[in-house]
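Novice: The structure under discussion is supplied below as structure tokens; questions concerning it will follow.
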Amino acid sequence: MTFLKVSGLRIQKEEGFVLNDISFSQARLQKIAIAGETGSGKSSLLKAIAGLNQPDEGEVLFKGERVLGAGEKLVPGHPAIGYLSQHFELPKSLRIEQVLQYANKIPDTVAHTLYDVCEITHVLSRKTDHLSGGERQRVALAKLLIGSPQLLLLDEPFTNLDMVHKNILKSVIDDIGHRLNITCMLVSHDPADTLPWADEIIIMKDGQIVQKDSPQNIYRQPVNAYAAGLFGTFNLLTPSQSGRLSGSARDTSPSIARPEDFSLSRTDKKGWPGEIKTIRFFGSHREIVVALAENTLTVKAAANSDFRRGEKVFIVPAQPTKD
Ligand SMILES: Nc1ncnc2c1ncn2[C@@H]1O[C@H](COP(=O)(O)OP(=O)(O)OP(=O)(O)O)[C@@H](O)[C@H]1O
């Protein structure tokens, strides 16, 4: 039996479709990430799966049983599906251990393992308004987890976290899958959150799924410029550049390439001549924007490369890889 099956979901408002014919399934412990521009329907989809809004058409089946919509239940939601909202609230002026005690449905020893996983053991005796943003996020997550969900829906959990706290929460989310055997679905706009984590990525636009594939294919073979742009810098190639990059002697239809599909040379005259317009430093590498006769391409270069703005260079397509 399919763990989660979403079929033909539609939510329509006066302004248009919030969700439009969304269908996909998720296997137990499969990690699905959802990406898309703001307003593309990501939160609405998670809420529909959790039974927190009311679809106009379609259904969500969780382990073969239909998840009732918010309009069909007195208290919306599904006991086995946890939803961590972007805008969660913790009750004010209570100690964390009190907040967690009220939500606790599991034996104390299991709950304490969970507090360890969420790295909140050290804040249990603090009041809810005496926490950092990262700690609040992890307490909210622990509060959901002690309800023993089988499916956890995480809606932009890393918003407003600095890199250190983001990394702590990322390892917590990894542990949720490994140590607690909970299936997760994650919404994030940051490719660094989704590409290394997900088994499958769903890209949404205007309430529809525009691409659903492995992280590798999403990054290497985006269906269009919108999908490419969500996962980093990209180049729109001319037909002749596309042909050359794919190893063909002929022009092909215009394609998309990443900065690492090229290298820069001062001497290789077989490359495309151009002039460096901009150099961006990213710590681990540089992105160098080069103006050619027909267009502008961005090329990845080593962090310690010594190319200069205004320099004349050649762009050399990398050899096509067969992965
Ligand atoms: N209850 C509602 N009534 C009317 N419109 C709604 C409702 N809920 C969502 N929408 C609209 O549906 C669209 C999708 O919203 P949603 O919050 O799902 O997008 P999102 O991809 O999660 O955006 P963000 O990344 O900004 O959180 C938006 O245009 C939003 O304004």
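By convention in this document, the chains of the structure tokens carry letters A, B, ... by their order, each chain's residues are numbered from 1, and ligands are numbered from 1 in the order they are shown.
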Using only C-alpha atoms and all ligand atoms, find each residue with an atom at most 12 Å away from ligand 1 and format the answer as an NGL selection string.
Specialist: :A and (10-20 or 34-48 or 52-55 or 70 or 85-87 or 154-157 or 159 or 186-190 or 202-209)
Novice: Can you write out as JSON lines which residues of range 193-271 of chain A fall within 9 Å of range 25-31 of chain A, alongside each residue's closest atom pair and its distance in Å to one decimal, counting only C-alpha atoms and ordering rows by chain and ascending residue number?
Specialist:
```
{"residue": "A:Trp197", "atom": "CA", "partner": "A:Lys31", "partner_atom": "CA", "distance": 7.4}
{"residue": "A:Ala198", "atom": "CA", "partner": "A:Lys31", "partner_atom": "CA", "distance": 5.0}
{"residue": "A:Asp199", "atom": "CA", "partner": "A:Lys31", "partner_atom": "CA", "distance": 5.1}
{"residue": "A:Glu200", "atom": "CA", "partner": "A:Lys31", "partner_atom": "CA", "distance": 6.6}
{"residue": "A:Ile201", "atom": "CA", "partner": "A:Lys31", "partner_atom": "CA", "distance": 8.6}
```
Novice: Limited to N, CA and C atoms, could you put the picked residues into a file as a JSON list (two decimals), in the first residue's frame?
Specialist:
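Once written, again-v3.json looks like this:
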```
[["chain", "number", "residue", "atom", "x", "y", "z"],
["A", 197, "TRP", "N", 19.74, 16.70, 0.50],
["A", 197, "TRP", "CA", 18.89, 15.96, 1.45],
["A", 197, "TRP", "C", 17.88, 15.05, 0.76],
["A", 198, "ALA", "N", 17.26, 15.55, -0.30],
["A", 198, "ALA", "CA", 16.06, 14.90, -0.84],
["A", 198, "ALA", "C", 16.37, 13.67, -1.70],
["A", 199, "ASP", "N", 15.43, 12.73, -1.70],
["A", 199, "ASP", "CA", 15.47, 11.63, -2.68],
["A", 199, "ASP", "C", 14.79, 12.11, -3.96],
["A", 200, "GLU", "N", 13.81, 12.98, -3.77],
["A", 200, "GLU", "CA", 13.06, 13.49, -4.92],
["A", 200, "GLU", "C", 12.66, 14.94, -4.64],
["A", 201, "ILE", "N", 12.70, 15.76, -5.69],
["A", 201, "ILE", "CA", 12.31, 17.17, -5.54],
["A", 201, "ILE", "C", 11.10, 17.45, -6.45]]
```
Novice: Could you check the closest approach to Gln150 in chain A for each of A:Leu124, A:Pro215, A:Arg136, A:Gly82 and tell me which residue wins, using only C-alpha atoms?
Specialist: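 Ranked by minimum distance to Gln150 in chain A, first place goes to A:Gly82.
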Novice: If I take CA of Arg250 in chain A and CA of Gln211 in chain A, how far is one from the other in Å, to one decimal?
Specialist: 28.2 Å
Novice: Give me the residues within 8 Å of Glu287 in chain A as an MDAnalysis selection string, counting only C-alpha atoms and dropping any in the same chain fewer than 6 places off.
Specialist: chainID A and resid 259 279:281 298:301
Novice: List as a ChimeraX atom specification the protein and nucleic acid residues near Phe62 in chain A, meaning an atom at most 7 Å away when only C-alpha atoms are counted, but skip any in the same chain fewer than 5 places from it.
Specialist: /A:3-5,67
Novice: Tell me which protein, DNA and RNA residues are within 9 Å of Ser305 in chain A, counting only C-alpha atoms, leaving out same-chain ones fewer than 2 positions away, and put them as a PDB file with C-alpha atoms, in the first residue's frame.
Specialist:
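Result went into out05.pdb, see below:
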```pdb
ATOM      1  CA  HIS A 285      34.750  29.310  -5.867  1.00  0.00           C
ATOM      2  CA  ARG A 286      34.209  32.342  -8.090  1.00  0.00           C
ATOM      3  CA  ALA A 301      36.419  29.365 -11.579  1.00  0.00           C
ATOM      4  CA  ALA A 302      38.631  28.385  -8.655  1.00  0.00           C
ATOM      5  CA  ALA A 303      38.431  30.624  -5.583  1.00  0.00           C
ATOM      6  CA  PHE A 307      41.295  36.615 -13.659  1.00  0.00           C
TER       7      PHE A 307
END
```
Novice: Just give me the gap between CA of Gly310 in chain A and CA of Leu245 in chain A in Å, one decimal is fine.
Specialist: 25.0 Å
Novice: Nearest to Lys105 in chain A: which of A:Leu264, A:Pro149, A:Glu65, A:Glu72 is it, counting only C-alpha atoms?
Specialist: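 Of A:Leu264, A:Pro149, A:Glu65, A:Glu72, the one nearest Lys105 in chain A is A:Pro149, counting only C-alpha atoms.
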Novice: Taking the backbone alone, and naming residues the way the document does, which bits of range 38-287 of chain A are strand (DSSP E) by DSSP, as a count of residues only?
Specialist: 55
Novice: Record the distance separating CA of Pro254 in chain A and CA of Leu195 in chain A, expressed in Å with one decimal.
Specialist: 24.9 Å
